[in-house]
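Structure data (CSV, C-alpha atoms) from model06.csv:
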```csv
chain,number,residue,atom,x,y,z
A,192,MET,CA,-17.3,4.1,-13.1
A,193,ILE,CA,-17.3,1.3,-10.6
A,194,ARG,CA,-13.9,-0.5,-10.1
A,195,LEU,CA,-13.4,-4.0,-8.7
A,196,HIS,CA,-10.3,-6.0,-7.9
A,197,VAL,CA,-10.6,-9.7,-8.8
A,198,PRO,CA,-8.2,-12.6,-8.6
A,199,GLN,CA,-9.1,-14.2,-12.0
A,200,PRO,CA,-7.1,-13.8,-15.2
A,201,LEU,CA,-8.4,-11.1,-17.5
A,202,ALA,CA,-8.5,-11.5,-21.3
A,203,PRO,CA,-11.0,-10.9,-24.1
A,204,ASP,CA,-14.3,-12.7,-23.4
A,205,ALA,CA,-13.0,-14.1,-20.1
A,206,ALA,CA,-15.6,-14.9,-17.6
A,207,VAL,CA,-15.0,-13.2,-14.2
A,208,LEU,CA,-16.7,-14.2,-11.0
A,209,PRO,CA,-16.8,-11.5,-8.3
A,210,THR,CA,-17.1,-12.6,-4.7
A,211,LEU,CA,-20.6,-12.8,-3.2
A,212,ASP,CA,-20.1,-9.5,-1.4
A,213,GLN,CA,-18.9,-7.8,-4.6
A,214,SER,CA,-21.9,-9.2,-6.4
A,215,ARG,CA,-24.3,-7.9,-3.8
A,216,TYR,CA,-22.6,-4.5,-4.0
A,217,LEU,CA,-23.1,-4.4,-7.7
A,218,THR,CA,-26.7,-5.5,-7.8
A,219,GLN,CA,-28.2,-4.4,-4.5
A,220,VAL,CA,-26.2,-1.2,-3.8
A,221,MET,CA,-25.3,0.1,-7.2
A,222,ARG,CA,-28.4,-1.5,-8.9
A,223,LEU,CA,-26.5,-2.7,-12.0
A,224,LYS,CA,-28.3,-4.9,-14.5
A,225,ILE,CA,-27.3,-7.2,-17.3
A,226,GLY,CA,-25.3,-5.3,-19.9
A,227,ASP,CA,-24.1,-2.6,-17.5
A,228,SER,CA,-20.4,-1.9,-17.5
A,229,LEU,CA,-17.7,-1.6,-14.8
A,230,LEU,CA,-13.9,-1.7,-14.6
A,231,VAL,CA,-12.0,-4.6,-13.3
A,232,PHE,CA,-8.3,-5.2,-12.5
A,233,ASN,CA,-6.3,-8.0,-11.0
A,234,GLY,CA,-2.8,-6.5,-10.6
A,235,GLN,CA,-1.4,-8.5,-13.5
A,236,ASP,CA,-3.4,-7.9,-16.7
A,237,GLY,CA,-4.1,-4.2,-16.5
A,238,GLU,CA,-7.6,-2.7,-16.3
A,239,TRP,CA,-10.5,-4.1,-18.3
A,240,ARG,CA,-14.0,-2.9,-19.1
A,241,CYS,CA,-16.4,-5.7,-18.2
A,242,VAL,CA,-20.2,-6.1,-18.6
A,243,ILE,CA,-22.6,-8.0,-16.4
A,244,ALA,CA,-23.3,-11.1,-18.5
A,245,GLU,CA,-25.4,-13.2,-16.1
A,246,MET,CA,-27.2,-12.7,-12.8
A,247,LEU,CA,-27.4,-15.8,-10.7
A,248,LYS,CA,-28.9,-16.6,-7.3
A,249,LYS,CA,-25.5,-16.6,-5.7
A,250,GLY,CA,-23.7,-13.8,-7.6
A,251,VAL,CA,-23.1,-12.4,-11.0
A,252,VAL,CA,-20.9,-13.4,-14.0
A,253,LEU,CA,-18.9,-10.7,-15.7
A,254,ARG,CA,-17.5,-10.8,-19.2
A,255,ALA,CA,-14.3,-9.0,-20.0
A,256,GLU,CA,-14.6,-6.9,-23.2
A,257,GLU,CA,-11.6,-4.7,-23.7
A,258,GLN,CA,-8.5,-3.6,-21.9
A,259,VAL,CA,-8.7,0.1,-21.1
A,260,GLN,CA,-5.4,0.5,-19.3
A,261,PRO,CA,-2.2,-1.7,-19.5
A,262,GLN,CA,-0.6,-3.1,-16.4
A,263,ALA,CA,1.9,-0.6,-14.9
A,264,ALA,CA,3.9,-0.6,-11.7
A,265,GLY,CA,3.8,2.4,-9.4
A,266,PRO,CA,6.9,4.1,-7.9
A,267,ASP,CA,9.4,1.8,-6.3
A,268,VAL,CA,8.9,2.8,-2.7
A,269,GLU,CA,8.1,0.6,0.3
A,270,LEU,CA,6.6,1.6,3.6
A,271,LEU,CA,8.2,0.0,6.6
A,272,ILE,CA,6.0,0.8,9.7
A,273,SER,CA,6.2,-0.5,13.2
A,274,VAL,CA,3.1,-2.4,14.3
A,275,VAL,CA,1.0,0.2,16.1
A,276,LYS,CA,-2.6,0.3,17.4
A,277,LYS,CA,-5.2,-1.2,15.1
A,278,SER,CA,-6.9,2.0,14.0
A,279,ALA,CA,-3.6,3.8,13.3
A,280,LEU,CA,-2.1,0.9,11.4
A,281,GLU,CA,-5.2,0.5,9.2
A,282,PHE,CA,-5.3,4.2,8.5
A,283,ALA,CA,-1.6,4.1,7.5
A,284,VAL,CA,-2.2,1.1,5.2
A,285,GLU,CA,-5.1,2.9,3.5
A,286,LYS,CA,-3.3,6.2,2.9
A,287,ALA,CA,0.0,4.5,1.9
A,288,THR,CA,-1.9,2.6,-0.8
A,289,GLU,CA,-3.5,5.9,-2.0
A,290,LEU,CA,-0.1,7.5,-2.1
A,291,GLY,CA,1.3,4.7,-4.4
A,292,VAL,CA,3.5,2.5,-2.3
A,293,ARG,CA,4.4,-0.8,-3.9
A,294,ARG,CA,4.9,-2.8,-0.7
A,295,ILE,CA,4.1,-2.4,3.0
A,296,ARG,CA,6.4,-4.2,5.5
A,297,LEU,CA,5.3,-4.5,9.1
A,298,VAL,CA,8.1,-4.1,11.6
A,299,VAL,CA,8.6,-5.2,15.2
A,300,THR,CA,11.0,-2.9,17.1
A,301,HIS,CA,12.3,-2.8,20.7
A,302,ARG,CA,9.4,-0.6,21.7
A,303,THR,CA,6.6,-2.1,19.6
A,304,GLN,CA,3.8,-2.8,22.0
A,305,THR,CA,2.0,-5.5,20.0
A,306,SER,CA,2.7,-7.9,17.2
A,307,HIS,CA,-0.8,-9.2,16.6
A,308,VAL,CA,-2.1,-8.1,13.2
A,309,ARG,CA,-5.1,-9.2,11.2
A,310,MET,CA,-3.5,-9.5,7.8
A,311,ASP,CA,-6.7,-10.3,6.0
A,312,ARG,CA,-8.2,-7.0,7.2
A,313,LEU,CA,-5.2,-5.0,6.0
A,314,ASP,CA,-5.3,-6.7,2.6
A,315,ALA,CA,-9.0,-5.8,2.3
A,316,ILE,CA,-8.2,-2.2,3.2
A,317,ALA,CA,-5.4,-2.0,0.6
A,318,ILE,CA,-7.7,-3.5,-2.1
A,319,GLU,CA,-10.5,-1.1,-1.4
A,320,ALA,CA,-8.0,1.9,-1.5
A,321,ALA,CA,-6.6,0.7,-4.8
A,322,GLU,CA,-10.1,0.4,-6.3
A,323,GLN,CA,-10.9,3.9,-5.3
A,324,THR,CA,-7.6,5.6,-6.4
A,325,GLY,CA,-7.4,4.2,-10.0
A,326,ARG,CA,-4.2,2.2,-9.6
A,327,VAL,CA,-4.1,-1.2,-11.3
A,328,ASP,CA,-2.0,-2.9,-8.6
A,329,VAL,CA,-2.4,-3.6,-4.9
A,330,PRO,CA,0.6,-3.3,-2.6
A,331,MET,CA,1.9,-6.5,-1.0
A,332,ILE,CA,1.7,-6.5,2.8
A,333,ASP,CA,4.2,-8.5,4.6
A,334,GLU,CA,3.8,-10.3,8.0
A,335,PRO,CA,5.5,-8.5,10.9
A,336,VAL,CA,9.3,-9.1,11.1
A,337,LYS,CA,11.9,-7.9,13.6
A,338,LEU,CA,13.7,-4.8,12.5
A,339,ALA,CA,17.1,-6.4,13.0
A,340,GLU,CA,16.2,-9.3,10.7
A,341,LEU,CA,14.9,-6.9,8.1
A,342,LEU,CA,18.1,-4.9,8.1
A,343,ASP,CA,20.3,-8.1,8.0
A,344,GLY,CA,18.6,-9.1,4.8
A,345,TRP,CA,18.4,-5.7,3.2
A,346,GLU,CA,18.0,-5.5,-0.6
A,347,ALA,CA,21.1,-4.2,-2.3
A,348,GLY,CA,20.6,-0.9,-4.0
A,349,ARG,CA,17.5,0.2,-2.1
A,350,ARG,CA,17.9,3.4,0.0
A,351,LEU,CA,16.2,3.7,3.4
A,352,MET,CA,14.6,7.0,4.5
A,353,PHE,CA,14.9,6.8,8.3
A,354,CYS,CA,12.4,9.1,9.9
A,355,ASP,CA,14.1,9.9,13.2
A,356,GLU,CA,12.1,11.8,15.7
A,357,THR,CA,15.2,13.0,17.5
A,358,GLY,CA,16.2,15.1,14.4
A,359,GLY,CA,18.0,15.0,11.1
A,360,GLU,CA,18.3,16.8,7.8
A,361,PRO,CA,15.0,18.2,6.4
A,362,ALA,CA,13.4,15.4,4.4
A,363,GLY,CA,12.9,17.3,1.2
A,364,ALA,CA,16.5,18.4,0.9
A,365,ALA,CA,17.9,15.0,1.9
A,366,LEU,CA,15.8,13.2,-0.7
A,367,GLN,CA,16.7,15.6,-3.5
A,368,ARG,CA,20.4,15.2,-2.7
A,369,ALA,CA,20.1,11.4,-2.5
A,370,GLY,CA,18.2,11.2,-5.8
A,371,GLU,CA,15.8,8.7,-7.4
A,372,GLY,CA,15.9,4.9,-7.3
A,373,PRO,CA,14.3,2.2,-5.2
A,374,TRP,CA,13.5,3.5,-1.7
A,375,ALA,CA,11.9,2.5,1.6
A,376,VAL,CA,10.5,4.8,4.3
A,377,LEU,CA,10.8,3.6,7.9
A,378,ILE,CA,8.4,4.8,10.6
A,379,GLY,CA,8.8,3.8,14.2
A,380,PRO,CA,6.4,2.9,17.1
A,381,GLU,CA,4.7,5.2,19.5
A,382,GLY,CA,7.7,5.3,21.8
A,383,GLY,CA,10.2,5.9,19.1
A,384,PHE,CA,13.3,3.9,18.3
A,385,SER,CA,15.6,2.7,21.0
A,386,PRO,CA,19.1,4.2,21.1
A,387,GLU,CA,20.6,0.9,19.9
A,388,GLU,CA,18.2,0.8,16.9
A,389,ARG,CA,18.9,4.5,16.1
A,390,ASP,CA,22.7,4.0,16.2
A,391,ARG,CA,22.5,1.0,13.9
A,392,LEU,CA,20.2,2.7,11.4
A,393,ARG,CA,22.4,5.8,11.2
A,394,ALA,CA,25.5,3.8,10.7
A,395,LEU,CA,24.2,1.9,7.7
A,396,PRO,CA,25.5,3.1,4.3
A,397,PHE,CA,22.1,2.9,2.6
A,398,THR,CA,20.3,5.0,5.3
A,399,THR,CA,19.3,8.6,4.9
A,400,ALA,CA,18.2,10.0,8.3
A,401,VAL,CA,15.7,12.8,8.0
A,402,SER,CA,13.5,15.0,10.1
A,403,LEU,CA,9.8,15.4,9.5
A,404,GLY,CA,9.7,18.8,11.1
A,405,PRO,CA,9.6,20.3,14.6
A,406,ARG,CA,6.6,18.4,15.9
A,407,ILE,CA,6.4,14.9,17.2
A,408,LEU,CA,4.0,13.0,14.9
A,409,ARG,CA,1.9,9.9,15.5
A,410,ALA,CA,3.0,6.9,13.5
A,411,ASP,CA,0.1,7.1,11.0
A,412,THR,CA,0.6,10.9,10.5
A,413,ALA,CA,4.4,10.4,10.1
A,414,ALA,CA,3.8,7.8,7.4
A,415,ILE,CA,1.6,10.1,5.4
A,416,ALA,CA,3.9,13.0,5.8
A,417,ALA,CA,7.0,11.0,4.9
A,418,LEU,CA,5.4,9.5,1.8
A,419,THR,CA,4.1,12.9,0.7
A,420,LEU,CA,7.6,14.4,0.9
A,421,TRP,CA,9.1,11.4,-0.9
A,422,GLN,CA,6.5,11.7,-3.7
A,423,ALA,CA,7.1,15.4,-4.1
A,424,ALA,CA,10.9,15.1,-4.1
A,425,VAL,CA,11.6,11.9,-6.1
A,426,GLY,CA,8.3,10.2,-6.7
A,427,ASP,CA,5.9,10.1,-9.7
A,428,TRP,CA,3.8,13.2,-8.9
A,429,ASP,CA,5.4,15.2,-11.8
A,430,ARG,CA,5.3,12.4,-14.3
```
This structure in structure tokens:
Amino acid sequence: MIRLHVPQPLAPDAAVLPTLDQSRYLTQVMRLKIGDSLLVFNGQDGEWRCVIAEMLKKGVVLRAEEQVQPQAAGPDVELLISVVKKSALEFAVEKATELGVRRIRLVVTHRTQTSHVRMDRLDAIAIEAAEQTGRVDVPMIDEPVKLAELLDGWEAGRRLMFCDETGGEPAGAALQRAGEGPWAVLIGPEGGFSPEERDRLRALPFTTAVSLGPRILRADTAAIAALTLWQAAVGDWDR
């Protein structure tokens, strides 16, 4: 069934107004008509079955009928990724959403080549990925911040999986030893972390430095590989 993310509150008989683009998708692409059903979520009120109640010149009106899935949070893992090329960053955001991350934090490192990011584009990609994967939330995406500032304000109790291209313990074994709990996965830029950044990261008490294998991976590939390993070791894939 079609799924849409909307900003409005969802409750019995609530009127829901999709965007103009969403309305066009429903009526012109999917050819839905009055009385047809679809699923809607807003990240706060769970997932609801709605019906098309009205078809207007500038959109449609949906009516919420019943909650089909309660609101639930995904695994408590964040992706911290250096700002990389547009296509690679968009791909990483899409796949990270599909893999269940709760938050994506964009990072500026010593070797980050650009800090310009279209946040609205990344938000749209995350929303579409959430719609397609069945999750009832959309990950928050933070504006780029310098790595040093992020580490200075680190959240107590959250472990950091530092994917170090120069080597480390195999990720699967390191994760299983460290155990469950709130985590973040850190992926660096195309040129890797600077020696100063690497030394600081390895010295932090909450950091687990890991290797993603014998090959040097692109940032977007590394993000997918690291999150897959995290999910398999301490995530929600077996739940």
- Item | Minimum-distance residue to Pro203 in chain A, chosen among A:Thr324, A:Arg240, A:Leu217, A:Val284 (using all atoms listed in the file) | A:Arg240
Output as CSV one row per residue of range 306-359 of chain A within 12 Å of range 420-426 of chain A: the closest atom pair and its distance in Å to one decimal place, counting all atoms listed in the file, sorted by chain and residue number ascending.
```
residue,atom,partner,partner_atom,distance
A:Arg350,CA,A:Trp421,CA,11.9
A:Leu351,CA,A:Trp421,CA,11.3
A:Met352,CA,A:Trp421,CA,8.9
A:Phe353,CA,A:Trp421,CA,11.8
A:Cys354,CA,A:Leu420,CA,11.5
```
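Take the candidates A:Arg393, A:Leu297, A:Glu269, A:Val242 and check each one against Gly359 in chain A using all atoms listed in the file; the shortest distance goes to A:Arg393.
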- For Glu245 in chain A, please output as a PyMOL selection string all residues within 12 Å (counting all atoms listed in the file; exclusion window: fewer than 2 positions along the same chain). chain A and resi 206-209+214+218+223-227+241-243+247-254
Just C-alpha atoms for this one: save the residues we selected as an mmCIF file, in the coordinates of the input.
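Output below, filename out_27.cif:
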```
data_model
loop_
_atom_site.group_PDB
_atom_site.id
_atom_site.type_symbol
_atom_site.label_atom_id
_atom_site.label_comp_id
_atom_site.auth_asym_id
_atom_site.auth_seq_id
_atom_site.Cartn_x
_atom_site.Cartn_y
_atom_site.Cartn_z
ATOM 1 C CA ALA A 206 -15.600 -14.900 -17.600
ATOM 2 C CA VAL A 207 -15.000 -13.200 -14.200
ATOM 3 C CA LEU A 208 -16.700 -14.200 -11.000
ATOM 4 C CA PRO A 209 -16.800 -11.500 -8.300
ATOM 5 C CA SER A 214 -21.900 -9.200 -6.400
ATOM 6 C CA THR A 218 -26.700 -5.500 -7.800
ATOM 7 C CA LEU A 223 -26.500 -2.700 -12.000
ATOM 8 C CA LYS A 224 -28.300 -4.900 -14.500
ATOM 9 C CA ILE A 225 -27.300 -7.200 -17.300
ATOM 10 C CA GLY A 226 -25.300 -5.300 -19.900
ATOM 11 C CA ASP A 227 -24.100 -2.600 -17.500
ATOM 12 C CA CYS A 241 -16.400 -5.700 -18.200
ATOM 13 C CA VAL A 242 -20.200 -6.100 -18.600
ATOM 14 C CA ILE A 243 -22.600 -8.000 -16.400
ATOM 15 C CA LEU A 247 -27.400 -15.800 -10.700
ATOM 16 C CA LYS A 248 -28.900 -16.600 -7.300
ATOM 17 C CA LYS A 249 -25.500 -16.600 -5.700
ATOM 18 C CA GLY A 250 -23.700 -13.800 -7.600
ATOM 19 C CA VAL A 251 -23.100 -12.400 -11.000
ATOM 20 C CA VAL A 252 -20.900 -13.400 -14.000
ATOM 21 C CA LEU A 253 -18.900 -10.700 -15.700
ATOM 22 C CA ARG A 254 -17.500 -10.800 -19.200
#
```
- Task: Rank nothing, just name the residue among A:Ala365, A:Val197, A:Ala417, A:Leu338 nearest to Ser385 in chain A, using only C-alpha atoms.
- Result: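 Smallest separation from Ser385 in chain A among the options: A:Leu338.
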- Query: With distances taken over only C-alpha atoms, which of A:Leu211, A:Val298, A:Ala283, A:Ala410 is nearest to Ala317 in chain A?
  - Reply: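 Result for the nearest residue to Ala317 in chain A: A:Ala283.
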- Message: Taking (-12.5, 4.0, -0.9) as a centre in this file's frame and 12 Å as the limit, can you find every polymer residue with an atom that close, using all atoms listed in the file, and give them as a VMD selection string?
- Response: chain A and resid 193 to 195 282 285 to 286 288 to 289 315 to 325
- Note on the structure: For Gln199 in chain A, the closest of A:Glu281, A:Asp311, A:Glu360, A:Asp236 counting all atoms listed in the file is A:Asp236
- Selection: 12 Å around Leu408 in chain A, all atoms listed in the file, excl. self and same-chain fewer than 3 positions, as JSON, numbers by chain: {"A": [354, 355, 356, 357, 378, 379, 380, 381, 382, 383, 402, 403, 404, 405, 411, 412, 413, 414, 415, 416, 417]}
Can you spit out the residues from that selection as a PDB file, in the frame of the given file, using C-alpha atoms?
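Listed below is the output, out-v8.pdb:
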```pdb
ATOM      1  CA  CYS A 354      12.400   9.100   9.900  1.00  0.00           C
ATOM      2  CA  ASP A 355      14.100   9.900  13.200  1.00  0.00           C
ATOM      3  CA  GLU A 356      12.100  11.800  15.700  1.00  0.00           C
ATOM      4  CA  THR A 357      15.200  13.000  17.500  1.00  0.00           C
ATOM      5  CA  ILE A 378       8.400   4.800  10.600  1.00  0.00           C
ATOM      6  CA  GLY A 379       8.800   3.800  14.200  1.00  0.00           C
ATOM      7  CA  PRO A 380       6.400   2.900  17.100  1.00  0.00           C
ATOM      8  CA  GLU A 381       4.700   5.200  19.500  1.00  0.00           C
ATOM      9  CA  GLY A 382       7.700   5.300  21.800  1.00  0.00           C
ATOM     10  CA  GLY A 383      10.200   5.900  19.100  1.00  0.00           C
ATOM     11  CA  SER A 402      13.500  15.000  10.100  1.00  0.00           C
ATOM     12  CA  LEU A 403       9.800  15.400   9.500  1.00  0.00           C
ATOM     13  CA  GLY A 404       9.700  18.800  11.100  1.00  0.00           C
ATOM     14  CA  PRO A 405       9.600  20.300  14.600  1.00  0.00           C
ATOM     15  CA  ASP A 411       0.100   7.100  11.000  1.00  0.00           C
ATOM     16  CA  THR A 412       0.600  10.900  10.500  1.00  0.00           C
ATOM     17  CA  ALA A 413       4.400  10.400  10.100  1.00  0.00           C
ATOM     18  CA  ALA A 414       3.800   7.800   7.400  1.00  0.00           C
ATOM     19  CA  ILE A 415       1.600  10.100   5.400  1.00  0.00           C
ATOM     20  CA  ALA A 416       3.900  13.000   5.800  1.00  0.00           C
ATOM     21  CA  ALA A 417       7.000  11.000   4.900  1.00  0.00           C
TER      22      ALA A 417
END
```
- Message: For range 261-263 of chain A, find every residue with an atom within 10 Å (counting all atoms listed in the file), except residues of its own chain fewer than 3 positions away, and show them as a ChimeraX atom specification.
- Response: /A:232-239,258,266,326-328
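Atom to atom, CA of Trp374 in chain A and CA of Val275 in chain A stand 22.0 Å apart.
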- Which is closer to Leu395 in chain A than all the others in A:Asp204, A:Glu256, A:Asp343, A:Glu371, using all atoms listed in the file? A:Asp343
- Message: What's around Val299 in chain A at 7 Å? Count only C-alpha atoms, leave out sequence neighbours fewer than 2 positions away in its own chain, and write the answer as a list of chain:residue names.
- Response: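 Contacts, with the query itself left out: A:Ser273, A:Val274, A:Leu297, A:Thr303, A:Ser306, A:Pro335, A:Val336, A:Lys337, A:Leu338.
A straight line drawn from CA of Thr399 in chain A to CA of Glu387 in chain A is 16.9 Å long.
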Let me have the centre and edge lengths in Å, one decimal, of the box along x, y and z around every listed atom of range 357-364 of chain A with 6 Å of margin on each side, as lines of an AutoDock Vina configuration file.
```
center_x = 15.6
center_y = 15.7
center_z = 9.2
size_x = 17.4
size_y = 17.4
size_z = 28.6
```
- Query: CA of Arg302 in chain A to CA of Ala287 in chain A: how many Å, to one decimal?
  - Reply: 22.5 Å
Can you take the partial range 220-248 of chain A, add N, CA and C atoms, and return it as a compact mmCIF listing (two decimals), in the frame of the given file?
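selection01.txt, written as the output of this step:
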```txt
# COMPACT_ATOMS: atom_id res chain seq x y z
N VAL A 220 -26.55 -2.55 -4.14
CA VAL A 220 -26.20 -1.20 -3.80
C VAL A 220 -26.14 -0.28 -5.01
N MET A 221 -25.42 -0.73 -6.03
CA MET A 221 -25.30 0.10 -7.20
C MET A 221 -26.37 -0.15 -8.27
N ARG A 222 -27.19 -1.18 -8.05
CA ARG A 222 -28.40 -1.50 -8.90
C ARG A 222 -27.99 -1.70 -10.36
N LEU A 223 -26.85 -2.35 -10.60
CA LEU A 223 -26.50 -2.70 -12.00
C LEU A 223 -27.31 -3.83 -12.48
N LYS A 224 -27.46 -3.85 -13.81
CA LYS A 224 -28.30 -4.90 -14.50
C LYS A 224 -27.44 -5.51 -15.60
N ILE A 225 -27.98 -6.57 -16.20
CA ILE A 225 -27.30 -7.20 -17.30
C ILE A 225 -27.01 -6.20 -18.42
N GLY A 226 -25.76 -6.22 -18.88
CA GLY A 226 -25.30 -5.30 -19.90
C GLY A 226 -24.64 -4.05 -19.39
N ASP A 227 -24.77 -3.79 -18.10
CA ASP A 227 -24.10 -2.60 -17.50
C ASP A 227 -22.59 -2.87 -17.41
N SER A 228 -21.82 -1.78 -17.48
CA SER A 228 -20.40 -1.90 -17.50
C SER A 228 -19.73 -1.48 -16.20
N LEU A 229 -18.54 -2.02 -15.96
CA LEU A 229 -17.70 -1.60 -14.80
C LEU A 229 -16.26 -1.93 -15.19
N LEU A 230 -15.34 -1.43 -14.38
CA LEU A 230 -13.90 -1.70 -14.60
C LEU A 230 -13.40 -2.67 -13.60
N VAL A 231 -12.51 -3.54 -14.09
CA VAL A 231 -12.00 -4.60 -13.30
C VAL A 231 -10.48 -4.72 -13.47
N PHE A 232 -9.75 -5.02 -12.39
CA PHE A 232 -8.30 -5.20 -12.50
C PHE A 232 -7.89 -6.32 -11.53
N ASN A 233 -6.75 -6.95 -11.81
CA ASN A 233 -6.30 -8.00 -11.00
C ASN A 233 -4.81 -7.88 -10.53
N GLY A 234 -4.20 -6.76 -10.92
CA GLY A 234 -2.80 -6.50 -10.60
C GLY A 234 -1.80 -7.15 -11.50
N GLN A 235 -2.28 -7.81 -12.56
CA GLN A 235 -1.40 -8.50 -13.50
C GLN A 235 -1.69 -8.17 -14.96
N ASP A 236 -2.96 -8.02 -15.27
CA ASP A 236 -3.40 -7.90 -16.70
C ASP A 236 -3.93 -6.55 -17.04
N GLY A 237 -3.63 -5.54 -16.26
CA GLY A 237 -4.10 -4.20 -16.50
C GLY A 237 -5.60 -4.07 -16.11
N GLU A 238 -6.23 -3.01 -16.60
CA GLU A 238 -7.60 -2.70 -16.30
C GLU A 238 -8.52 -3.02 -17.46
N TRP A 239 -9.64 -3.68 -17.18
CA TRP A 239 -10.50 -4.10 -18.30
C TRP A 239 -11.95 -3.57 -18.03
N ARG A 240 -12.59 -3.24 -19.13
CA ARG A 240 -14.00 -2.90 -19.10
C ARG A 240 -14.77 -4.26 -19.20
N CYS A 241 -15.62 -4.51 -18.22
CA CYS A 241 -16.40 -5.70 -18.20
C CYS A 241 -17.91 -5.35 -18.22
N VAL A 242 -18.73 -6.29 -18.63
CA VAL A 242 -20.20 -6.10 -18.60
C VAL A 242 -20.76 -7.25 -17.72
N ILE A 243 -21.88 -6.97 -17.10
CA ILE A 243 -22.60 -8.00 -16.40
C ILE A 243 -23.27 -8.92 -17.43
N ALA A 244 -22.82 -10.17 -17.48
CA ALA A 244 -23.30 -11.10 -18.50
C ALA A 244 -24.46 -11.97 -17.96
N GLU A 245 -24.39 -12.35 -16.68
CA GLU A 245 -25.40 -13.20 -16.10
C GLU A 245 -25.65 -12.77 -14.65
N MET A 246 -26.87 -12.93 -14.18
CA MET A 246 -27.20 -12.70 -12.80
C MET A 246 -27.78 -13.97 -12.21
N LEU A 247 -27.04 -14.55 -11.28
CA LEU A 247 -27.40 -15.80 -10.70
C LEU A 247 -27.93 -15.62 -9.27
N LYS A 248 -28.41 -16.69 -8.67
CA LYS A 248 -28.90 -16.60 -7.30
C LYS A 248 -27.78 -16.27 -6.33
```
